[in-house]
Each structure stands twice: as C-alpha cells, then as structure tokens.
Amino acid sequence: MSGVQLSGAEAMELLQRGEDAAEAQDWPVVAACYEQFLTAFPDTPISAELWFDAALAHKLLRNWPKAYELGRQAALRAGEAEGNAAWWNLGIAATMVGDWGTAREAWTKYGVPLTPGEGEIEDGFGSALVRLDPDGAAEVVWVRRICPTRARVLSVPYGDRRFGEIVVHDGAATGERRVGDHTFPVFDELALWLPSPTPTWRAQVTAPAPEDMTALADAFDEQALAMEPVDSVTFHCTCCSRGSLETATTVLAGARDVLLAAPDEQTAIGILTAWAVAGAGRAWHAIHAKAGADR
C-alpha cells in the first residue's frame, strides 16, 4: 500500500466517522474511512480489527473482490487461534472469487475439517435451511450444504427461485427450525452461486391417503427432482421467522395443488402418470408452468 500521511487529528476523525457510519449501517462510508486510515496505519494496535471491519463492510456490500483483498489482510493479522471470524469471512470471499486454495486454507484455519484435495469444495456438511433474498421475499427453503458457505436448494420454492440452485449463505444462523428431536439452523443467503436449469410446474393431484402423497414425493425424489404441496407454505413475521419455530411433519391427503421441479412438462407428466396408476384413487390434472418459471 502507498504511504499516506495523516495527522493524529485526521486519523481520529476518520475513526469516529467510520464508527458513526457503522452504527448507521452506512457501509460505503465505513469502508472508505477505515481503508483510508489503514493505508496510512496498516499495523497499529487497532489495525487488525479495522482490517476485519473494512472487509466486513465490503462483504455486506457484496463487493467480493474488495472483501477478498481486505479479508486477506485481516486474516494475516488474525493469528493461528481457531474460530477467528476473519478466517470465516475470508473463506466466503475467496469462494466468491474462486480462489479455492485460499478458501481451503481459511476454513482449515478457522477449524472446519475438510476432505483433503484441491479445487472446488464439494463435501457433505448436512442439511440446513437458507432464507433466500433475506431483504426481499425472505423465503426459507431446505438445503444440503456442500461446503461451509454453499448449499444446494432441495425445496421447490414458492416464489421465483428454483429447486437445484446453489446459493452462498452467511455463517451466522438467523433462526432455527425444530423437526421432532432435531434442530436445523437457518442461514441468510448472500448470493446466488449457480442458477438452476430446472423449471417449476404446478398441478392438481388427488391423494386418497397421506401415504399416497408421500409416494408422490418419493417418485420425484427418485429422479433427483422434487415435489412440494402449495399448502405446505407457511408465512411468519420477520421476528418469528428469525426465532425458533416448530416445523410440522404432518402429511395431508385429498385434492391438493403441488409444485413440481422437473426439466420439462413431459418428465413431470410421466412421473405423475406412473404414480397415479400405481394406487387406487390417485389422480392428477391441470399441469402448467408456474408463473415466473421461465427465466
């Protein structure tokens, strides 16, 4: 970094402006103030914290190249102790810019065990939930985590998102869902990593018993696709959604609208037809592309 001369008064003014901006969540000003200070004073006793705060500001702005650049500086000053958030944020930023070597180093330094290897990380990190578009529709969907910060969407979203997308999520849980004796964290989405080519269809089905509806879900799952009853969607206020909620596991029968993730209408029809003929009283009709499915 090039040398920049700041008087003590100017430095203190920058720090105060940055602190005030952080309280107001004015992240561009936070980043600008701290970067200017750090250009002049990269290694004062408070600089390690400021490198972290400046990188965090760019993360919140979704400016991934800058979050990566400043995050590397923050991590260099974080020391070797596991659990330092500088390493976690660097792992996210390195993932977003595709530096897998740095991402692997960051997760390892943080204390996350990885399967040895090189390149893109595709490990098993269990099931969780992600709040898609947290500042907008804020739909919570089931995911399977494939690395510490990326996850594949397993639900068929009710909104305009898709089954099979890979999303990048933050590291701090913002809620939880309880299913029986198990508790799953809810993470906020940071970015869409990889769009899904699989559109969403809507149909009406008749399932005489809960077992018939379960069989339909299994039929789609066996093809690495998914089915979601429309009436399984529940709406919560922001406060409740970010708390601890019990998730119902009851399967309902009868005539129901369902959302189907399938590559084309013919595939969806084939699965529906095979399911219908395999059980007495099962039926389906009126399949169509869900509004907003063409992207």
# chains A, B, ... in the order shown; residues from 1 in each chain; ligands from 1

$ residues_around --residues "range 121-126 of chain A" --least-positions-apart "5" --cutoff "6 Å" --atoms "only C-alpha atoms" --output "number ranges by chain"
A: 144-147

$ select_by_dssp --residues "range 131-238 of chain A" --states "strand (DSSP E or B)" --output "tab-separated table (two decimals) with N, CA and C atoms, in the first residue's frame"
chain	number	residue	atom	x	y	z
A	131	ARG	N	-32.51	-18.69	4.02
A	131	ARG	CA	-33.50	-17.66	3.76
A	131	ARG	C	-33.11	-16.96	2.46
A	132	LEU	N	-33.78	-17.33	1.37
A	132	LEU	CA	-33.48	-16.73	0.08
A	132	LEU	C	-33.92	-15.27	0.06
A	139	GLU	N	-37.91	-16.13	1.61
A	139	GLU	CA	-38.47	-17.48	1.68
A	139	GLU	C	-37.43	-18.44	2.25
A	140	VAL	N	-37.82	-19.23	3.22
A	140	VAL	CA	-36.92	-20.19	3.85
A	140	VAL	C	-37.10	-21.55	3.19
A	141	VAL	N	-35.99	-22.13	2.70
A	141	VAL	CA	-36.04	-23.40	1.98
A	141	VAL	C	-35.02	-24.37	2.57
A	142	TRP	N	-35.27	-25.64	2.36
A	142	TRP	CA	-34.33	-26.68	2.78
A	142	TRP	C	-33.18	-26.75	1.80
A	143	VAL	N	-31.99	-26.99	2.33
A	143	VAL	CA	-30.78	-27.09	1.50
A	143	VAL	C	-29.91	-28.23	2.01
A	144	ARG	N	-29.01	-28.65	1.15
A	144	ARG	CA	-27.93	-29.56	1.55
A	144	ARG	C	-26.63	-28.80	1.37
A	145	ARG	N	-25.89	-28.62	2.46
A	145	ARG	CA	-24.66	-27.83	2.41
A	145	ARG	C	-23.54	-28.66	1.77
A	150	ARG	N	-21.64	-22.84	0.88
A	150	ARG	CA	-22.51	-23.06	-0.28
A	150	ARG	C	-23.47	-24.21	0.00
A	151	ALA	N	-24.66	-24.11	-0.60
A	151	ALA	CA	-25.68	-25.13	-0.36
A	151	ALA	C	-26.56	-25.27	-1.59
A	152	ARG	N	-27.03	-26.49	-1.82
A	152	ARG	CA	-27.94	-26.77	-2.94
A	152	ARG	C	-29.38	-26.79	-2.43
A	153	VAL	N	-30.27	-26.05	-3.10
A	153	VAL	CA	-31.67	-25.95	-2.70
A	153	VAL	C	-32.39	-27.26	-2.99
A	166	ILE	N	-27.61	-23.43	-6.46
A	166	ILE	CA	-26.58	-23.42	-5.42
A	166	ILE	C	-26.43	-21.98	-4.95
A	167	VAL	N	-26.57	-21.78	-3.64
A	167	VAL	CA	-26.51	-20.45	-3.07
A	167	VAL	C	-25.34	-20.35	-2.10
A	168	VAL	N	-24.86	-19.15	-1.91
A	168	VAL	CA	-23.85	-18.87	-0.89
A	168	VAL	C	-24.58	-18.26	0.30
A	169	HIS	N	-24.33	-18.80	1.49
A	169	HIS	CA	-25.02	-18.30	2.67
A	169	HIS	C	-24.02	-17.80	3.71
A	176	GLU	N	-33.87	-20.85	13.65
A	176	GLU	CA	-33.75	-22.31	13.62
A	176	GLU	C	-35.13	-22.92	13.43
A	177	ARG	N	-35.13	-24.15	12.92
A	177	ARG	CA	-36.38	-24.89	12.75
A	177	ARG	C	-36.22	-26.22	13.47
A	178	ARG	N	-37.22	-26.57	14.26
A	178	ARG	CA	-37.21	-27.82	15.02
A	178	ARG	C	-38.11	-28.82	14.32
A	179	VAL	N	-37.54	-29.97	14.00
A	179	VAL	CA	-38.29	-31.06	13.38
A	179	VAL	C	-38.13	-32.27	14.28
A	182	HIS	N	-34.83	-32.97	16.26
A	182	HIS	CA	-33.69	-32.37	15.58
A	182	HIS	C	-33.91	-30.87	15.37
A	183	THR	N	-32.83	-30.11	15.46
A	183	THR	CA	-32.86	-28.67	15.25
A	183	THR	C	-31.92	-28.32	14.10
A	184	PHE	N	-32.41	-27.52	13.17
A	184	PHE	CA	-31.62	-27.14	11.99
A	184	PHE	C	-31.48	-25.62	11.94
A	185	PRO	N	-30.26	-25.13	11.65
A	185	PRO	CA	-30.06	-23.68	11.57
A	185	PRO	C	-30.65	-23.10	10.29
A	186	VAL	N	-31.00	-21.82	10.36
A	186	VAL	CA	-31.43	-21.06	9.19
A	186	VAL	C	-30.36	-20.00	8.91
A	187	PHE	N	-29.82	-20.01	7.69
A	187	PHE	CA	-28.80	-19.03	7.31
A	187	PHE	C	-29.38	-18.07	6.28
A	188	ASP	N	-28.88	-16.85	6.26
A	188	ASP	CA	-29.28	-15.88	5.23
A	188	ASP	C	-28.46	-16.08	3.96
A	189	GLU	N	-29.13	-16.02	2.83
A	189	GLU	CA	-28.44	-16.07	1.54
A	189	GLU	C	-27.61	-14.80	1.36
A	190	LEU	N	-26.40	-14.98	0.83
A	190	LEU	CA	-25.55	-13.86	0.45
A	190	LEU	C	-25.56	-13.63	-1.06
A	191	ALA	N	-25.61	-14.71	-1.82
A	191	ALA	CA	-25.55	-14.58	-3.27
A	191	ALA	C	-26.02	-15.89	-3.91
A	192	LEU	N	-26.50	-15.78	-5.14
A	192	LEU	CA	-26.79	-16.95	-5.95
A	192	LEU	C	-25.49	-17.37	-6.63
A	193	TRP	N	-25.02	-18.57	-6.30
A	193	TRP	CA	-23.76	-19.05	-6.85
A	193	TRP	C	-23.95	-19.65	-8.24
A	194	LEU	N	-24.96	-20.50	-8.39
A	194	LEU	CA	-25.20	-21.19	-9.66
A	194	LEU	C	-26.69	-21.33	-9.87
A	200	THR	N	-40.15	-24.85	-12.66
A	200	THR	CA	-41.18	-25.28	-11.72
A	200	THR	C	-42.52	-25.39	-12.43
A	201	TRP	N	-43.24	-26.46	-12.14
A	201	TRP	CA	-44.56	-26.72	-12.70
A	201	TRP	C	-45.57	-26.77	-11.57
A	202	ARG	N	-46.81	-26.53	-11.92
A	202	ARG	CA	-47.88	-26.61	-10.93
A	202	ARG	C	-48.97	-27.54	-11.45
A	203	ALA	N	-49.47	-28.39	-10.58
A	203	ALA	CA	-50.52	-29.34	-10.98
A	203	ALA	C	-51.46	-29.56	-9.80
A	204	GLN	N	-52.58	-30.20	-10.09
A	204	GLN	CA	-53.53	-30.60	-9.06
A	204	GLN	C	-53.51	-32.12	-8.97
A	205	VAL	N	-53.40	-32.62	-7.76
A	205	VAL	CA	-53.37	-34.07	-7.57
A	205	VAL	C	-54.42	-34.47	-6.54
A	206	THR	N	-54.83	-35.72	-6.62
A	206	THR	CA	-55.71	-36.30	-5.61
A	206	THR	C	-54.98	-37.47	-4.99
A	207	ALA	N	-54.76	-37.38	-3.68
A	207	ALA	CA	-54.06	-38.43	-2.94
A	207	ALA	C	-55.02	-38.95	-1.87
A	226	ALA	N	-38.10	-32.89	-7.30
A	226	ALA	CA	-38.79	-32.61	-6.05
A	226	ALA	C	-40.24	-32.24	-6.28
A	227	MET	N	-41.05	-32.47	-5.25
A	227	MET	CA	-42.46	-32.10	-5.22
A	227	MET	C	-42.74	-31.39	-3.91
A	228	GLU	N	-43.55	-30.35	-3.95
A	228	GLU	CA	-43.88	-29.58	-2.75
A	228	GLU	C	-45.35	-29.20	-2.79
A	229	PRO	N	-46.16	-29.62	-1.82
A	229	PRO	CA	-47.56	-29.15	-1.78
A	229	PRO	C	-47.61	-27.64	-1.56

$ select_by_dssp --residues "range 54-264 of chain A" --states "helix (DSSP H, G or I)" --output "short mmCIF file (atom, residue, chain, number, x, y, z; two decimals) with N, CA, C and O atoms, in the first residue's frame"
data_model
loop_
_atom_site.label_atom_id
_atom_site.label_comp_id
_atom_site.auth_asym_id
_atom_site.auth_seq_id
_atom_site.Cartn_x
_atom_site.Cartn_y
_atom_site.Cartn_z
N ALA A 54 -13.36 -3.35 7.76
CA ALA A 54 -13.42 -2.88 6.38
C ALA A 54 -13.80 -4.01 5.43
O ALA A 54 -14.61 -3.83 4.52
N ALA A 55 -13.22 -5.21 5.65
CA ALA A 55 -13.59 -6.36 4.82
C ALA A 55 -15.05 -6.73 5.02
O ALA A 55 -15.76 -7.05 4.06
N LEU A 56 -15.51 -6.66 6.27
CA LEU A 56 -16.90 -6.97 6.56
C LEU A 56 -17.84 -5.99 5.86
O LEU A 56 -18.89 -6.38 5.33
N ALA A 57 -17.47 -4.71 5.84
CA ALA A 57 -18.30 -3.72 5.16
C ALA A 57 -18.46 -4.07 3.69
O ALA A 57 -19.56 -3.98 3.13
N HIS A 58 -17.36 -4.48 3.05
CA HIS A 58 -17.46 -4.86 1.63
C HIS A 58 -18.23 -6.17 1.44
O HIS A 58 -18.91 -6.34 0.42
N LYS A 59 -18.15 -7.07 2.41
CA LYS A 59 -18.98 -8.28 2.35
C LYS A 59 -20.45 -7.90 2.37
O LYS A 59 -21.26 -8.42 1.58
N LEU A 60 -20.82 -6.99 3.26
CA LEU A 60 -22.21 -6.57 3.36
C LEU A 60 -22.66 -5.80 2.12
O LEU A 60 -23.85 -5.78 1.80
N TRP A 64 -17.25 -8.44 -3.60
CA TRP A 64 -16.44 -9.60 -3.24
C TRP A 64 -14.95 -9.42 -3.51
O TRP A 64 -14.13 -9.87 -2.70
N PRO A 65 -14.54 -8.79 -4.61
CA PRO A 65 -13.09 -8.58 -4.78
C PRO A 65 -12.47 -7.78 -3.65
O PRO A 65 -11.38 -8.10 -3.16
N LYS A 66 -13.17 -6.72 -3.20
CA LYS A 66 -12.62 -5.93 -2.10
C LYS A 66 -12.71 -6.68 -0.77
O LYS A 66 -11.79 -6.60 0.06
N ALA A 67 -13.80 -7.42 -0.56
CA ALA A 67 -13.90 -8.23 0.66
C ALA A 67 -12.78 -9.25 0.72
O ALA A 67 -12.23 -9.54 1.80
N TYR A 68 -12.41 -9.79 -0.44
CA TYR A 68 -11.31 -10.76 -0.54
C TYR A 68 -9.97 -10.07 -0.26
O TYR A 68 -9.16 -10.55 0.55
N GLU A 69 -9.74 -8.94 -0.91
CA GLU A 69 -8.46 -8.22 -0.76
C GLU A 69 -8.23 -7.81 0.69
O GLU A 69 -7.17 -8.06 1.27
N LEU A 70 -9.23 -7.18 1.29
CA LEU A 70 -9.07 -6.71 2.67
C LEU A 70 -9.17 -7.87 3.66
O LEU A 70 -8.54 -7.84 4.72
N GLY A 71 -9.95 -8.88 3.29
CA GLY A 71 -10.06 -10.05 4.16
C GLY A 71 -8.75 -10.79 4.30
O GLY A 71 -8.47 -11.36 5.37
N ARG A 72 -7.96 -10.82 3.25
CA ARG A 72 -6.65 -11.46 3.33
C ARG A 72 -5.76 -10.72 4.34
O ARG A 72 -5.05 -11.34 5.14
N GLN A 73 -5.85 -9.40 4.31
CA GLN A 73 -5.06 -8.61 5.27
C GLN A 73 -5.54 -8.85 6.70
O GLN A 73 -4.74 -8.97 7.63
N ALA A 74 -6.86 -8.93 6.87
CA ALA A 74 -7.41 -9.19 8.20
C ALA A 74 -6.98 -10.56 8.71
O ALA A 74 -6.61 -10.72 9.88
N ALA A 75 -7.02 -11.57 7.84
CA ALA A 75 -6.67 -12.92 8.25
C ALA A 75 -5.19 -13.04 8.58
O ALA A 75 -4.81 -13.76 9.52
N LEU A 76 -4.35 -12.32 7.84
CA LEU A 76 -2.91 -12.35 8.14
C LEU A 76 -2.61 -11.85 9.54
O LEU A 76 -1.62 -12.25 10.17
N ALA A 85 -13.25 -15.02 13.31
CA ALA A 85 -14.19 -14.71 12.24
C ALA A 85 -13.51 -14.16 10.99
O ALA A 85 -14.09 -14.22 9.90
N ALA A 86 -12.29 -13.63 11.11
CA ALA A 86 -11.58 -13.14 9.93
C ALA A 86 -11.35 -14.27 8.93
O ALA A 86 -11.44 -14.07 7.71
N TRP A 87 -11.03 -15.46 9.44
CA TRP A 87 -10.82 -16.60 8.55
C TRP A 87 -12.13 -17.03 7.89
O TRP A 87 -12.16 -17.40 6.72
N TRP A 88 -13.23 -16.98 8.66
CA TRP A 88 -14.52 -17.38 8.08
C TRP A 88 -14.92 -16.44 6.95
O TRP A 88 -15.32 -16.88 5.87
N ASN A 89 -14.83 -15.13 7.19
CA ASN A 89 -15.22 -14.18 6.15
C ASN A 89 -14.30 -14.27 4.94
O ASN A 89 -14.74 -14.08 3.80
N LEU A 90 -13.02 -14.56 5.18
CA LEU A 90 -12.11 -14.75 4.05
C LEU A 90 -12.52 -15.99 3.26
O LEU A 90 -12.45 -16.00 2.03
N GLY A 91 -12.95 -17.05 3.96
CA GLY A 91 -13.42 -18.24 3.25
C GLY A 91 -14.57 -17.94 2.33
O GLY A 91 -14.65 -18.42 1.19
N ILE A 92 -15.52 -17.11 2.79
CA ILE A 92 -16.65 -16.73 1.95
C ILE A 92 -16.17 -15.93 0.75
O ILE A 92 -16.54 -16.21 -0.40
N ALA A 93 -15.35 -14.90 1.00
CA ALA A 93 -14.89 -14.03 -0.09
C ALA A 93 -14.05 -14.81 -1.09
O ALA A 93 -14.17 -14.62 -2.31
N ALA A 94 -13.18 -15.69 -0.60
CA ALA A 94 -12.34 -16.49 -1.50
C ALA A 94 -13.20 -17.42 -2.34
O ALA A 94 -12.92 -17.64 -3.54
N THR A 95 -14.26 -17.95 -1.76
CA THR A 95 -15.19 -18.78 -2.52
C THR A 95 -15.83 -17.97 -3.63
O THR A 95 -15.94 -18.41 -4.77
N MET A 96 -16.26 -16.75 -3.31
CA MET A 96 -16.96 -15.92 -4.29
C MET A 96 -16.05 -15.52 -5.45
O MET A 96 -16.53 -15.35 -6.58
N VAL A 97 -14.74 -15.37 -5.21
CA VAL A 97 -13.84 -15.00 -6.31
C VAL A 97 -13.17 -16.22 -6.92
O VAL A 97 -12.37 -16.09 -7.86
N TRP A 100 -9.87 -21.22 -4.60
CA TRP A 100 -10.17 -22.38 -3.77
C TRP A 100 -9.03 -22.71 -2.81
O TRP A 100 -9.28 -23.22 -1.72
N GLY A 101 -7.79 -22.41 -3.22
CA GLY A 101 -6.69 -22.65 -2.31
C GLY A 101 -6.81 -21.80 -1.06
O GLY A 101 -6.63 -22.29 0.07
N THR A 102 -7.12 -20.52 -1.23
CA THR A 102 -7.29 -19.64 -0.07
C THR A 102 -8.53 -20.02 0.73
O THR A 102 -8.52 -19.98 1.96
N ALA A 103 -9.59 -20.40 0.03
CA ALA A 103 -10.81 -20.82 0.74
C ALA A 103 -10.52 -22.03 1.62
O ALA A 103 -10.91 -22.08 2.79
N ARG A 104 -9.81 -23.02 1.08
CA ARG A 104 -9.48 -24.21 1.86
C ARG A 104 -8.61 -23.84 3.07
O ARG A 104 -8.81 -24.36 4.18
N GLU A 105 -7.64 -22.97 2.83
CA GLU A 105 -6.78 -22.56 3.94
C GLU A 105 -7.60 -21.84 5.01
O GLU A 105 -7.42 -22.08 6.21
N ALA A 106 -8.52 -20.96 4.58
CA ALA A 106 -9.32 -20.19 5.52
C ALA A 106 -10.21 -21.09 6.37
O ALA A 106 -10.27 -20.94 7.59
N TRP A 107 -10.89 -22.04 5.73
CA TRP A 107 -11.76 -22.93 6.50
C TRP A 107 -10.94 -23.77 7.49
O TRP A 107 -11.35 -24.00 8.63
N THR A 108 -9.79 -24.24 7.02
CA THR A 108 -8.94 -25.06 7.89
C THR A 108 -8.44 -24.25 9.07
O THR A 108 -8.45 -24.72 10.22
N LYS A 109 -8.00 -23.02 8.81
CA LYS A 109 -7.51 -22.16 9.89
C LYS A 109 -8.64 -21.83 10.87
O LYS A 109 -8.41 -21.69 12.08
N TYR A 110 -9.85 -21.72 10.38
CA TYR A 110 -10.98 -21.44 11.26
C TYR A 110 -11.28 -22.65 12.16
O TYR A 110 -11.77 -22.50 13.27
N PRO A 210 -52.44 -40.12 3.21
CA PRO A 210 -51.12 -39.50 3.35
C PRO A 210 -50.02 -40.31 2.70
O PRO A 210 -49.07 -39.73 2.14
N GLU A 211 -50.14 -41.63 2.72
CA GLU A 211 -49.12 -42.49 2.11
C GLU A 211 -49.02 -42.24 0.60
O GLU A 211 -47.95 -42.37 0.01
N ASP A 212 -50.15 -41.88 -0.02
CA ASP A 212 -50.13 -41.61 -1.46
C ASP A 212 -49.37 -40.32 -1.76
O ASP A 212 -48.63 -40.23 -2.74
N MET A 213 -49.54 -39.31 -0.90
CA MET A 213 -48.79 -38.07 -1.10
C MET A 213 -47.30 -38.30 -0.87
O MET A 213 -46.45 -37.78 -1.59
N THR A 214 -46.98 -39.11 0.14
CA THR A 214 -45.57 -39.45 0.39
C THR A 214 -44.98 -40.19 -0.80
O THR A 214 -43.83 -39.94 -1.20
N ALA A 215 -45.77 -41.09 -1.40
CA ALA A 215 -45.30 -41.84 -2.57
C ALA A 215 -45.02 -40.91 -3.74
O ALA A 215 -44.07 -41.13 -4.51
N LEU A 216 -45.82 -39.85 -3.90
CA LEU A 216 -45.57 -38.89 -4.98
C LEU A 216 -44.26 -38.14 -4.74
O LEU A 216 -43.46 -37.96 -5.67
N ALA A 217 -44.04 -37.73 -3.50
CA ALA A 217 -42.78 -37.05 -3.19
C ALA A 217 -41.60 -37.98 -3.44
O ALA A 217 -40.58 -37.57 -4.00
N ASP A 218 -41.75 -39.25 -3.07
CA ASP A 218 -40.67 -40.23 -3.29
C ASP A 218 -40.41 -40.44 -4.77
O ASP A 218 -39.25 -40.62 -5.18
N ALA A 219 -41.48 -40.43 -5.57
CA ALA A 219 -41.32 -40.67 -7.01
C ALA A 219 -40.48 -39.57 -7.65
O ALA A 219 -39.65 -39.84 -8.52
N PHE A 220 -40.69 -38.33 -7.24
CA PHE A 220 -39.87 -37.25 -7.77
C PHE A 220 -38.46 -37.31 -7.20
O PHE A 220 -37.48 -37.08 -7.92
N ASP A 221 -38.34 -37.63 -5.92
CA ASP A 221 -37.03 -37.72 -5.29
C ASP A 221 -36.16 -38.80 -5.95
O ASP A 221 -34.96 -38.61 -6.10
N GLU A 222 -36.77 -39.89 -6.36
CA GLU A 222 -36.02 -40.97 -7.01
C GLU A 222 -35.41 -40.52 -8.34
O GLU A 222 -34.44 -41.12 -8.81
N VAL A 230 -48.46 -26.95 -2.32
CA VAL A 230 -48.54 -25.49 -2.19
C VAL A 230 -48.98 -25.10 -0.79
O VAL A 230 -48.49 -24.13 -0.22
N ASP A 231 -49.89 -25.88 -0.19
CA ASP A 231 -50.40 -25.51 1.13
C ASP A 231 -49.44 -25.86 2.25
O ASP A 231 -49.76 -25.68 3.43
N SER A 232 -48.24 -26.34 1.91
CA SER A 232 -47.23 -26.56 2.95
C SER A 232 -46.48 -25.27 3.27
O SER A 232 -45.73 -25.21 4.25
N THR A 238 -41.27 -11.32 10.45
CA THR A 238 -39.80 -11.34 10.46
C THR A 238 -39.26 -11.79 11.81
O THR A 238 -38.33 -12.60 11.88
N CYS A 239 -39.85 -11.29 12.88
CA CYS A 239 -39.37 -11.64 14.22
C CYS A 239 -39.49 -13.13 14.47
O CYS A 239 -38.56 -13.77 14.95
N CYS A 240 -40.65 -13.71 14.14
CA CYS A 240 -40.85 -15.14 14.37
C CYS A 240 -39.96 -15.98 13.46
O CYS A 240 -39.40 -16.99 13.87
N SER A 241 -39.82 -15.55 12.20
CA SER A 241 -39.01 -16.31 11.24
C SER A 241 -37.57 -16.40 11.69
O SER A 241 -36.89 -17.40 11.44
#

$ residues_around --residues "Gln36 in chain A" --least-positions-apart "3" --cutoff "10 Å" --atoms "only C-alpha atoms" --output "VMD selection string"
chain A and resid 4 6 11 14 to 15 31 to 33 39 to 42

$ write_last_selection --atoms "C-alpha atoms" --output "JSON list (two decimals), in the first residue's frame"
[["chain", "number", "residue", "atom", "x", "y", "z"],
["A", 4, "VAL", "CA", -0.49, 8.36, 3.07],
["A", 6, "LEU", "CA", -2.44, 11.64, 8.27],
["A", 11, "ALA", "CA", -6.81, 9.85, 11.93],
["A", 14, "LEU", "CA", -11.63, 9.11, 10.27],
["A", 15, "LEU", "CA", -12.12, 6.56, 13.02],
["A", 31, "ALA", "CA", -15.27, 1.02, 4.18],
["A", 32, "ALA", "CA", -13.94, 4.34, 2.87],
["A", 33, "CYS", "CA", -12.99, 5.68, 6.31],
["A", 39, "THR", "CA", -3.48, 2.97, 4.10],
["A", 40, "ALA", "CA", -1.64, 5.28, 6.49],
["A", 41, "PHE", "CA", -1.54, 2.98, 9.52],
["A", 42, "PRO", "CA", -1.67, -0.68, 8.42]]

$ closest_residue --among "A:Leu225, A:Ala253, A:Leu50, A:Asp26" --to "Val156 in chain A" --atoms "only C-alpha atoms"
A:Leu225

$ closest_residue --among "A:Gly243, A:Pro116, A:Pro263, A:Pro45" --to "Gly175 in chain A" --atoms "only C-alpha atoms"
A:Gly243

$ closest_residue --among "A:Gln25, A:Ser196, A:Leu114, A:Phe37" --to "Ala9 in chain A" --atoms "only C-alpha atoms"
A:Phe37
